[in-house]
Each structure stands twice: as C-alpha cells, then as structure tokens.
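Undergrad: My file is data32.txt. It has compact mmCIF, C-alpha atoms:
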```txt
# COMPACT_ATOMS: atom_id res chain seq x y z
CA MET F 1 20.07 -17.68 10.93
CA TYR F 2 16.53 -18.56 11.78
CA GLN F 3 15.18 -20.85 9.08
CA LEU F 4 11.63 -20.31 7.86
CA LYS F 5 9.66 -23.53 7.47
CA GLU F 6 7.12 -24.16 4.69
CA GLY F 7 4.17 -23.81 7.06
CA GLN F 8 5.34 -20.39 8.22
CA LEU F 9 5.94 -19.18 4.69
CA ALA F 10 2.50 -20.45 3.65
CA TYR F 11 0.98 -18.53 6.57
CA ILE F 12 2.89 -15.28 5.95
CA PHE F 13 2.09 -15.33 2.19
CA HIS F 14 -1.58 -16.00 3.00
CA ARG F 15 -1.80 -13.01 5.33
CA VAL F 16 0.13 -10.62 3.12
CA SER F 17 -1.80 -11.61 -0.03
CA GLY F 18 -5.11 -11.37 1.84
CA VAL F 19 -4.36 -7.84 3.12
CA ALA F 20 -3.23 -6.77 -0.36
CA VAL F 21 -6.44 -8.06 -1.95
CA ILE F 22 -8.82 -6.45 0.57
CA LEU F 23 -6.96 -3.12 0.27
CA PHE F 24 -7.34 -3.30 -3.50
CA LEU F 25 -11.02 -4.19 -3.10
CA PHE F 26 -11.51 -0.90 -1.19
CA VAL F 27 -9.83 1.01 -4.04
CA HIS F 28 -11.92 -0.95 -6.59
CA ILE F 29 -15.21 -0.04 -4.85
CA VAL F 30 -14.23 3.66 -4.72
CA GLU F 31 -13.30 3.55 -8.42
CA ASN F 32 -16.60 1.87 -9.32
CA PHE F 33 -18.46 4.54 -7.37
CA PHE F 34 -17.33 7.02 -10.04
CA LEU F 35 -19.69 5.17 -12.42
CA LEU F 36 -22.55 6.98 -10.66
CA MET F 37 -20.94 10.36 -11.42
CA GLY F 38 -21.14 9.82 -15.15
CA GLU F 39 -19.02 8.78 -18.06
CA GLU F 40 -16.44 11.57 -17.92
CA ALA F 41 -15.77 11.23 -14.19
CA TYR F 42 -15.42 7.42 -14.42
CA ASN F 43 -13.13 7.45 -17.45
CA LYS F 44 -10.95 10.05 -15.73
CA ALA F 45 -10.83 7.99 -12.51
CA ILE F 46 -9.77 4.77 -14.24
CA GLY F 47 -7.04 6.69 -16.04
CA ILE F 48 -4.86 5.71 -13.08
CA TYR F 49 -5.18 2.06 -14.22
CA HIS F 50 -3.80 2.95 -17.63
CA THR F 51 -0.25 3.44 -16.38
CA TRP F 52 2.81 1.21 -16.31
CA TYR F 53 2.90 1.10 -12.51
CA PHE F 54 -0.67 -0.12 -12.30
CA ARG F 55 0.10 -2.77 -14.91
CA ILE F 56 2.76 -4.13 -12.56
CA GLY F 57 0.30 -3.85 -9.66
CA GLU F 58 -2.26 -5.75 -11.77
CA VAL F 59 0.12 -8.69 -12.19
CA ALA F 60 0.88 -8.60 -8.44
CA LEU F 61 -2.85 -8.50 -7.64
CA ILE F 62 -3.57 -11.54 -9.82
CA ALA F 63 -0.68 -13.39 -8.14
CA ALA F 64 -2.04 -12.48 -4.70
CA VAL F 65 -5.59 -13.64 -5.52
CA LEU F 66 -4.33 -16.84 -7.14
CA TYR F 67 -2.03 -17.81 -4.27
CA HIS F 68 -4.69 -16.91 -1.67
CA ALA F 69 -7.32 -18.98 -3.52
CA LEU F 70 -5.11 -22.06 -3.94
CA ASN F 71 -3.58 -21.94 -0.47
CA GLY F 72 -7.02 -21.25 1.01
CA THR F 73 -8.29 -24.38 -0.73
CA ARG F 74 -5.37 -26.30 0.81
CA ILE F 75 -6.30 -24.96 4.27
CA VAL F 76 -9.93 -26.06 3.83
CA ILE F 77 -8.83 -29.54 2.70
CA VAL F 78 -6.52 -29.91 5.71
CA ASP F 79 -9.21 -28.60 8.10
CA PHE F 80 -11.98 -30.90 6.90
CA TRP F 81 -10.05 -34.02 5.97
CA SER F 82 -7.73 -34.97 8.79
CA GLN F 83 -5.88 -37.65 6.78
CA SER F 84 -4.48 -34.92 4.56
CA THR F 85 -2.45 -33.28 7.38
CA LYS F 86 0.33 -35.75 6.47
CA TYR F 87 0.59 -34.18 3.03
CA GLN F 88 0.15 -30.50 3.82
CA LYS F 89 3.76 -29.68 3.05
CA GLN F 90 3.58 -31.41 -0.35
CA MET F 91 0.23 -29.73 -0.98
CA TRP F 92 1.86 -26.35 -0.37
CA TYR F 93 4.51 -27.14 -2.98
CA VAL F 94 1.70 -28.00 -5.40
CA VAL F 95 0.05 -24.64 -4.56
CA MET F 96 3.32 -22.80 -5.22
CA GLY F 97 3.91 -24.76 -8.44
CA ILE F 98 0.45 -24.04 -9.86
CA THR F 99 0.70 -20.37 -8.82
CA ILE F 100 4.07 -19.94 -10.56
CA VAL F 101 3.01 -21.74 -13.76
CA ILE F 102 -0.25 -19.79 -14.09
CA MET F 103 1.54 -16.52 -13.28
CA LEU F 104 4.08 -17.13 -16.04
CA TRP F 105 1.15 -17.47 -18.45
CA VAL F 106 -0.55 -14.34 -17.02
CA ALA F 107 2.67 -12.31 -17.14
CA LYS F 108 3.22 -13.34 -20.74
CA ILE F 109 -0.25 -12.10 -21.72
CA LEU F 110 -0.22 -8.88 -19.68
CA LEU F 111 3.39 -7.81 -20.13
CA ILE F 112 4.62 -9.37 -23.38
CA ASP F 113 1.55 -9.81 -25.61
CA TYR F 114 0.39 -6.30 -24.64
CA PRO F 115 3.68 -4.40 -24.74
CA CYS F 116 1.85 -1.08 -24.96
CA TRP F 117 1.51 -1.05 -21.16
CA PHE F 118 4.93 0.53 -20.82
CA TRP F 119 4.03 3.77 -22.60
CA MET F 120 0.33 3.79 -21.74
CA ASP F 121 0.60 6.73 -19.33
CA THR F 122 2.41 8.98 -21.76
CA GLN F 123 0.67 8.01 -25.00
CA GLY F 124 -2.72 7.04 -23.56
CA VAL F 125 -4.66 3.83 -24.15
CA GLU F 126 -4.57 4.53 -27.89
CA ALA F 127 -1.08 3.04 -27.74
CA CYS F 128 -2.81 -0.33 -27.19
CA LYS F 129 -5.21 -0.12 -30.12
CA MET P 130 -1.91 -22.88 21.38
CA THR P 131 -4.96 -21.09 22.58
CA ARG P 132 -7.51 -23.74 21.72
CA GLY P 133 -10.21 -24.65 24.18
CA GLY P 134 -11.80 -22.19 26.55
CA SER P 135 -10.45 -19.25 24.61
CA ASP P 136 -12.37 -16.63 22.69
CA TYR P 137 -9.81 -16.97 19.94
CA VAL P 138 -10.21 -19.51 17.16
CA SER P 139 -7.03 -20.81 15.59
CA SER P 140 -7.06 -20.84 11.83
CA SER P 141 -5.21 -24.13 11.62
CA ALA P 142 -7.79 -26.66 12.80
CA LYS P 143 -11.48 -27.01 13.41
CA PRO P 144 -12.63 -24.71 16.19
CA VAL P 145 -12.76 -26.20 19.67
CA GLY P 146 -14.34 -23.95 22.25
CA GLY P 147 -14.82 -20.29 21.49
CA SER P 148 -18.11 -18.47 21.27
CA GLY P 149 -20.85 -19.44 18.81
CA GLN P 150 -20.10 -16.29 16.86
CA GLU P 151 -16.44 -17.19 16.46
CA VAL P 152 -17.36 -20.71 15.27
CA PHE P 153 -19.77 -19.18 12.76
CA TYR P 154 -17.00 -16.88 11.46
CA TRP P 155 -14.66 -19.88 11.16
CA TYR P 156 -17.09 -21.74 8.91
CA TYR P 157 -18.14 -18.55 7.09
CA VAL P 158 -14.57 -17.68 6.04
CA ARG P 159 -14.08 -21.17 4.61
CA ILE P 160 -17.40 -21.44 2.78
CA SER P 161 -17.21 -17.90 1.35
CA GLY P 162 -13.57 -18.61 0.46
CA LEU P 163 -14.45 -21.69 -1.57
CA LEU P 164 -17.17 -19.77 -3.45
CA LEU P 165 -14.72 -16.92 -4.05
CA VAL P 166 -12.15 -19.29 -5.55
CA PHE P 167 -14.50 -19.72 -8.50
CA LEU P 168 -16.11 -16.26 -8.59
CA ALA P 169 -12.92 -14.22 -8.12
CA LEU P 170 -10.80 -16.26 -10.51
CA LEU P 171 -13.53 -16.13 -13.17
CA HIS P 172 -13.80 -12.37 -12.60
CA LEU P 173 -10.04 -11.96 -13.04
CA TYR P 174 -10.05 -14.11 -16.17
CA LEU P 175 -12.87 -12.14 -17.79
CA ASN P 176 -11.57 -8.68 -16.86
CA HIS P 177 -7.79 -9.09 -17.05
CA ILE P 178 -7.14 -11.91 -19.53
CA GLN P 179 -10.05 -12.00 -21.95
CA THR P 180 -10.36 -8.20 -21.94
CA ASP P 181 -7.32 -6.03 -21.31
CA VAL P 182 -7.67 -3.31 -18.66
CA SER P 183 -6.57 -0.78 -21.29
CA ASP P 184 -9.97 -1.38 -22.98
CA LEU P 185 -11.87 -0.60 -19.79
CA GLU P 186 -14.10 2.46 -20.04
CA TYR P 187 -17.58 3.60 -19.02
CA ASP P 188 -19.29 2.41 -22.21
CA LEU P 189 -17.84 -1.09 -21.91
CA VAL P 190 -19.07 -1.44 -18.31
CA ILE P 191 -22.61 -0.35 -19.24
CA GLU P 192 -22.60 -2.47 -22.40
CA ARG P 193 -21.65 -5.65 -20.55
CA LEU P 194 -24.04 -5.14 -17.64
CA THR P 195 -26.83 -4.52 -20.16
CA ALA P 196 -25.98 -7.56 -22.29
CA TYR P 197 -25.59 -9.94 -19.33
CA PRO P 198 -28.13 -9.21 -16.56
CA LEU P 199 -26.71 -12.14 -14.52
CA LEU P 200 -23.45 -10.20 -14.28
CA ARG P 201 -25.14 -7.93 -11.74
CA VAL P 202 -25.96 -10.92 -9.55
CA ALA P 203 -22.42 -12.30 -9.89
CA ASP P 204 -20.92 -8.88 -9.14
CA PHE P 205 -23.12 -8.46 -6.07
CA LEU P 206 -22.08 -11.92 -4.80
CA LEU P 207 -18.44 -11.00 -5.39
CA LEU P 208 -18.90 -7.71 -3.58
CA PHE P 209 -20.68 -9.22 -0.59
CA LEU P 210 -18.59 -12.38 -0.22
CA GLY P 211 -15.29 -10.66 -1.01
CA LEU P 212 -15.88 -7.75 1.33
CA SER P 213 -17.18 -9.85 4.24
CA HIS P 214 -14.42 -12.46 3.80
CA GLY P 215 -11.77 -9.71 3.68
CA VAL P 216 -13.21 -7.87 6.67
CA LEU P 217 -13.17 -11.09 8.72
CA GLY P 218 -9.55 -11.51 7.63
CA LEU P 219 -8.75 -8.03 8.94
CA LYS P 220 -10.65 -8.91 12.14
CA ALA P 221 -8.31 -11.90 12.55
CA LEU P 222 -5.36 -9.48 12.33
CA ILE P 223 -6.93 -7.27 15.02
CA ASP P 224 -7.52 -10.36 17.19
CA ASP P 225 -3.87 -11.34 16.78
CA TYR P 226 -2.10 -8.01 17.11
CA VAL P 227 -4.34 -5.63 19.10
CA HIS P 228 -4.87 -6.68 22.71
CA LYS P 229 -5.70 -3.52 24.69
CA PRO P 230 -9.51 -3.41 25.08
CA THR P 231 -9.79 0.28 24.15
CA GLU P 232 -7.63 -0.16 21.06
CA ARG P 233 -9.56 -3.30 20.06
CA LEU P 234 -12.83 -1.40 20.38
CA PHE P 235 -11.45 1.40 18.19
CA TRP P 236 -10.15 -0.85 15.40
CA LEU P 237 -13.15 -3.18 15.39
CA SER P 238 -15.57 -0.24 15.29
CA LEU P 239 -13.63 1.33 12.44
CA LEU P 240 -13.59 -2.01 10.60
CA TYR P 241 -17.35 -2.52 10.88
CA VAL P 242 -18.07 1.08 9.82
CA VAL P 243 -15.79 0.64 6.78
CA PHE P 244 -17.55 -2.66 5.97
CA GLY P 245 -20.97 -0.98 6.09
CA VAL P 246 -19.95 2.06 4.04
CA PHE P 247 -18.23 0.04 1.31
CA LEU P 248 -21.03 -2.52 1.12
CA VAL P 249 -23.61 0.25 0.72
CA ALA P 250 -21.46 2.14 -1.81
CA GLY P 251 -20.81 -0.97 -3.90
CA THR P 252 -24.44 -2.09 -3.80
CA ALA P 253 -25.61 1.42 -4.72
CA VAL P 254 -23.53 1.32 -7.90
CA LEU P 255 -24.88 -2.08 -8.96
CA TRP P 256 -28.43 -1.15 -8.00
CA THR P 257 -28.77 2.32 -9.50
CA LEU P 258 -26.47 2.33 -12.51
CA PRO P 259 -28.57 3.34 -15.54
CA LEU P 260 -28.32 0.54 -18.07
CA GLY P 261 -29.02 0.39 -21.77
CA ALA P 262 -28.70 4.16 -22.14
CA ASN P 263 -26.09 3.93 -24.88
```
Can the structure from this file be put into structure tokens for me?
TA:
Amino acid sequence: MYQLKEGQLAYIFHRVSGVAVILFLFVHIVENFFLLMGEEAYNKAIGIYHTWYFRIGEVALIAAVLYHALNGTRIVIVDFWSQSTKYQKQMWYVVMGITIVIMLWVAKILLIDYPCWFWMDTQGVEACK
Amino acid sequence: MTRGGSDYVSSSAKPVGGSGQEVFYWYYVRISGLLLVFLALLHLYLNHIQTDVSDLEYDLVIERLTAYPLLRVADFLLLFLGLSHGVLGLKALIDDYVHKPTERLFWLSLLYVVFGVFLVAGTAVLWTLPLGAN
C-alpha cells in the first residue's frame, strides 16, 4: 500500500477544505441576495439552514475554515521563515491538534448544547426557543 | 519541480521566475489569507457560536447592521478578500489540472465571470440594504 506522508495529507486537506469553503461562499452570497427581495423571501430562503443536515454541514464548514486558516498560517510561516522548514511536520501536528480540540468545543456547542437541531426541520426553529 | 522559467508558481516556496502577475498572486493569496484568518474566524464565532443559526432571520440581520455600522465594512472586506482568495485558489486548480489551451480559456473565463457576478451581487446587498426600517 502506498503510504501517505504528512506533507501530502496537509496538501490534500488544504485543497479540499479550500474548495468546500469557496463553494459555500457562493451559496452564502446567493442566500444573502434574498435580503434584497424582502423579509418573507429571505426568511424562506434561510429555512434550508434550519435543518438537521445543514447543522452537520455547519460543523463541517467550521472545521474546513479552521483547518484552512491554521494550515495556511503554517504555510506562510514556512514560506517566509526558512529556518522553520525543519519543523514543518511538527507544525502540521500542532495544526491538527488545535483543529481537533477547537472542533470538539464547537461540536459540543452546536450539537449537544443546542439539541433542537435534530428536529428543527420538522418542528421549525421554535423547537430551539 | 517546475520552478524557474515556468509560468507556474509552486505553492510550497517563494516564487522564483514566473510572470509578475503570478508573483503578485502568490503574495496576494498569503496576505489576504492572513487577514482572513482573523476576519473569517471572528465572523464564524459571532454568527455560529455567540448566536445560533436557528436565531438567524431578516430582522436580526437588519438590527445588527443598523446597530454596528462597522459591520458593513467588515462584511465587505470578508466578501472581497474571501471571494478573491477563493477564486485564486480555484485558478490554482485550473493551472494544475487543465492543460489544453481551449479548456483553460473556458474555465478561466467562467471563473472570472463568476467572480465578477458574485462580487457585484454581494456588494449590492451590503450597499443597498435598507437599514433601520424596523
């Protein structure tokens, strides 16, 4: 079996998370455009966010942004400070560690502290209030 | 490695060779990226942690933009930096995976049209949204 090295994983995750975030940004701009069509149109459009599947997507989106931001910072450090190339593997483990710890905190808030997300699409956002 | 004398700039080290435009993109992605680390993470914190998405509705958007005029500036920066950074990321994918000149022309043209349309649409919302009506 071909073994993936840290650097390749870092690169693949960076690309995949980046594509995911820009695709969501396109959706986000379309959704915000409904603001110009008035209150009713906008509230109807964002109804799609008040569903259990979007709640899972929300957690995935936050993970993608967080990893991309931290790994991107690592790339900039390595690019501009040549001494740090020696530590880029360790720095990637730090990136993964911080991402996982923060995501545990985020998942706790979004999925456990707000358990209403699971029945939001059948009972409406009132289930959260 | 395609460094030196190539029109392609590797993302793994400072650019050597390449056109002036490519070198500009290389720096632009990094500088916009560092600004986005703060702007995007703050945006996520405010809209997904401090406020739950289940509370999101038209009135809340208007209320917040009215109460914090600087939010418009921050949102515009996020829109512009995020969109341009993401579009340059997609351009890097086209550079890597699309090699036929006609196909490159098609995908790059589509990408720049999409960039223009979404930038105008996003700016239009921030610019023309009637505030303080409620």
Undergrad: Residues of chain F within 8 Å of chain P: nearest atom pair and distance (Å, one decimal) for each, counting all atoms listed in the file, sorted by chain and number, as CSV?
TA:
```
residue,atom,partner,partner_atom,distance
F:Gly18,CA,P:Gly215,CA,7.1
F:Val19,CA,P:Leu219,CA,7.3
F:Val21,CA,P:Gly215,CA,7.9
F:Ile22,CA,P:Gly215,CA,5.4
F:Leu25,CA,P:Leu212,CA,7.5
F:Phe26,CA,P:Phe247,CA,7.2
F:Ile29,CA,P:Gly251,CA,5.8
F:Val30,CA,P:Ala250,CA,7.9
F:Asn32,CA,P:Val254,CA,7.1
F:Phe33,CA,P:Val254,CA,6.0
F:Leu35,CA,P:Val254,CA,7.1
F:Leu36,CA,P:Leu258,CA,6.4
F:Glu39,CA,P:Tyr187,CA,5.5
F:Tyr42,CA,P:Tyr187,CA,6.4
F:Asn43,CA,P:Glu186,CA,5.7
F:Ile46,CA,P:Glu186,CA,7.6
F:Tyr49,CA,P:Val182,CA,7.4
F:His50,CA,P:Ser183,CA,5.9
F:Ile62,CA,P:Leu173,CA,7.2
F:Val65,CA,P:Leu170,CA,7.7
F:Leu66,CA,P:Leu170,CA,7.3
F:Ala69,CA,P:Val166,CA,5.2
F:Leu70,CA,P:Val166,CA,7.7
F:Gly72,CA,P:Gly162,CA,7.1
F:Thr73,CA,P:Leu163,CA,6.8
F:Ile75,CA,P:Ser141,CA,7.5
F:Val76,CA,P:Arg159,CA,6.5
F:Val78,CA,P:Ala142,CA,7.9
F:Asp79,CA,P:Ala142,CA,5.3
F:Phe80,CA,P:Lys143,CA,7.6
F:Val106,CA,P:Ile178,CA,7.5
F:Ile109,CA,P:Ile178,CA,7.2
F:Leu110,CA,P:Ile178,CA,7.6
F:Val125,CA,P:Ser183,CA,5.8
F:Cys128,CA,P:Ser183,CA,7.0
```
Undergrad: May I have the residues within 12 Å of Arg233 of chain P as number ranges by chain, using all atoms listed in the file and disregarding those fewer than 6 positions away in the same chain?
TA: P: 220-227, 239-240
Undergrad: For atom CA of Lys89 of chain F and atom CA of Asn71 of chain F, determine how far apart the two atoms are, in Å to one decimal place.
TA: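 Separating atom CA of Lys89 of chain F from atom CA of Asn71 of chain F is a distance of 11.2 Å.
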Undergrad: Using all atoms listed in the file, which of the listed residues (F:Phe118, F:Tyr93, F:Tyr67, F:Phe24) sits closest to Ile12 of chain F?
TA: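 Of all the options, F:Tyr67 lies closest to Ile12 of chain F.
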Undergrad: Can you find the residues with an atom no farther than 9 Å from (-0.4, -30.7, 4.1), counting all atoms listed in the file, and report them as a ChimeraX atom specification?
TA: /F:7,74-75,77-78,84-92
Undergrad: Identify, on the basis of only C-alpha atoms, every residue whose closest approach to Ala45 of chain F does not exceed 8 Å; exclude the query and any residue fewer than 4 positions from it along the same chain; express the result as a list of chain:residue names.
TA: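 My list of contacting residues is F:Glu31, F:Phe34, F:Ala41.
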Undergrad: Would you work out the distance separating atom CA of Arg55 of chain F from atom CA of Thr99 of chain F, expressed in Å to one decimal?
TA: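 Pair atom CA of Arg55 of chain F / atom CA of Thr99 of chain F returns 18.6 Å.
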Undergrad: Quick test: take segment 141-259 of chain P, keep C-alpha atoms, and write it as a compact mmCIF listing (two decimals), in the first residue's frame.
TA:
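What follows is the written file part-v1.txt:
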```txt
# COMPACT_ATOMS: atom_id res chain seq x y z
CA SER P 141 5.49 25.48 -1.46
CA ALA P 142 8.22 28.11 -1.60
CA LYS P 143 8.77 31.70 -2.54
CA PRO P 144 8.23 32.24 -6.25
CA VAL P 145 11.29 32.06 -8.46
CA GLY P 146 10.67 33.05 -12.04
CA GLY P 147 7.14 33.27 -13.34
CA SER P 148 5.42 36.37 -14.61
CA GLY P 149 4.94 39.49 -12.49
CA GLN P 150 1.25 38.70 -12.31
CA GLU P 151 1.86 35.23 -10.91
CA VAL P 152 4.25 36.64 -8.28
CA PHE P 153 1.61 39.20 -7.32
CA TYR P 154 -0.99 36.41 -6.94
CA TRP P 155 1.46 34.44 -4.78
CA TYR P 156 1.85 37.32 -2.33
CA TYR P 157 -1.83 38.28 -2.58
CA VAL P 158 -3.06 34.82 -1.54
CA ARG P 159 -0.80 34.86 1.52
CA ILE P 160 -1.56 38.40 2.66
CA SER P 161 -5.34 38.06 2.10
CA GLY P 162 -5.13 34.66 3.81
CA LEU P 163 -3.56 36.10 6.95
CA LEU P 164 -6.21 38.84 7.12
CA LEU P 165 -8.92 36.22 6.59
CA VAL P 166 -7.63 34.12 9.48
CA PHE P 167 -8.82 36.87 11.81
CA LEU P 168 -11.85 38.13 9.87
CA ALA P 169 -13.30 34.73 8.96
CA LEU P 170 -12.76 33.15 12.36
CA LEU P 171 -14.29 36.19 14.10
CA HIS P 172 -17.22 36.00 11.67
CA LEU P 173 -17.73 32.31 12.46
CA TYR P 174 -17.50 32.95 16.19
CA LEU P 175 -20.08 35.75 16.10
CA ASN P 176 -22.54 34.01 13.77
CA HIS P 177 -22.23 30.35 14.75
CA ILE P 178 -21.08 30.31 18.39
CA GLN P 179 -22.30 33.51 20.01
CA THR P 180 -25.55 33.44 18.02
CA ASP P 181 -27.04 30.15 16.89
CA VAL P 182 -28.01 29.88 13.21
CA SER P 183 -31.51 28.89 14.33
CA ASP P 184 -31.93 32.52 15.51
CA LEU P 185 -30.98 33.91 12.11
CA GLU P 186 -33.76 35.84 10.40
CA TYR P 187 -34.27 39.02 8.39
CA ASP P 188 -34.92 41.25 11.41
CA LEU P 189 -31.74 40.12 13.17
CA VAL P 190 -29.60 40.89 10.10
CA ILE P 191 -31.07 44.40 9.75
CA GLU P 192 -30.89 45.02 13.50
CA ARG P 193 -27.20 44.14 13.70
CA LEU P 194 -26.17 46.07 10.60
CA THR P 195 -28.05 49.09 11.95
CA ALA P 196 -26.53 48.83 15.43
CA TYR P 197 -22.96 48.29 14.20
CA PRO P 198 -22.19 50.35 11.07
CA LEU P 199 -18.61 48.97 11.06
CA LEU P 200 -20.09 45.53 10.41
CA ARG P 201 -20.75 46.64 6.83
CA VAL P 202 -17.08 47.45 6.35
CA ALA P 203 -16.01 44.14 7.93
CA ASP P 204 -18.53 42.23 5.80
CA PHE P 205 -17.34 43.95 2.63
CA LEU P 206 -13.71 43.10 3.48
CA LEU P 207 -14.74 39.49 4.11
CA LEU P 208 -16.64 39.38 0.83
CA PHE P 209 -13.83 40.89 -1.22
CA LEU P 210 -10.90 39.10 0.41
CA GLY P 211 -12.72 35.77 0.75
CA LEU P 212 -14.02 35.76 -2.81
CA SER P 213 -10.74 36.86 -4.41
CA HIS P 214 -8.69 34.45 -2.27
CA GLY P 215 -11.06 31.59 -3.13
CA VAL P 216 -11.12 32.43 -6.82
CA LEU P 217 -7.30 32.43 -6.92
CA GLY P 218 -7.45 29.05 -5.19
CA LEU P 219 -9.74 27.75 -7.93
CA LYS P 220 -7.37 29.28 -10.50
CA ALA P 221 -4.56 27.21 -8.95
CA LEU P 222 -6.70 24.10 -9.51
CA ILE P 223 -7.23 25.07 -13.17
CA ASP P 224 -3.47 25.66 -13.53
CA ASP P 225 -2.79 22.21 -12.09
CA TYR P 226 -5.44 20.10 -13.77
CA VAL P 227 -6.48 21.82 -17.02
CA HIS P 228 -3.74 21.96 -19.63
CA LYS P 229 -5.43 22.21 -23.05
CA PRO P 230 -5.39 25.90 -24.06
CA THR P 231 -9.03 25.94 -25.19
CA GLU P 232 -10.22 24.26 -21.99
CA ARG P 233 -8.07 26.61 -19.87
CA LEU P 234 -9.58 29.60 -21.64
CA PHE P 235 -13.09 28.26 -20.98
CA TRP P 236 -12.58 27.56 -17.27
CA LEU P 237 -10.63 30.75 -16.57
CA SER P 238 -13.24 32.87 -18.37
CA LEU P 239 -16.03 31.18 -16.43
CA LEU P 240 -14.12 31.71 -13.18
CA TYR P 241 -13.59 35.43 -13.77
CA VAL P 242 -17.24 35.93 -14.82
CA VAL P 243 -18.39 34.12 -11.65
CA PHE P 244 -16.01 36.29 -9.59
CA GLY P 245 -17.44 39.49 -11.10
CA VAL P 246 -21.09 38.45 -10.74
CA PHE P 247 -20.74 37.32 -7.12
CA LEU P 248 -18.69 40.36 -6.12
CA VAL P 249 -21.31 42.68 -7.61
CA ALA P 250 -24.20 40.71 -6.07
CA GLY P 251 -22.60 40.65 -2.62
CA THR P 252 -21.65 44.33 -2.74
CA ALA P 253 -25.15 45.26 -3.93
CA VAL P 254 -26.67 43.64 -0.84
CA LEU P 255 -24.33 45.44 1.55
CA TRP P 256 -24.68 48.73 -0.31
CA THR P 257 -28.43 48.92 -0.86
CA LEU P 258 -29.96 47.05 2.07
CA PRO P 259 -32.42 49.43 3.77
```
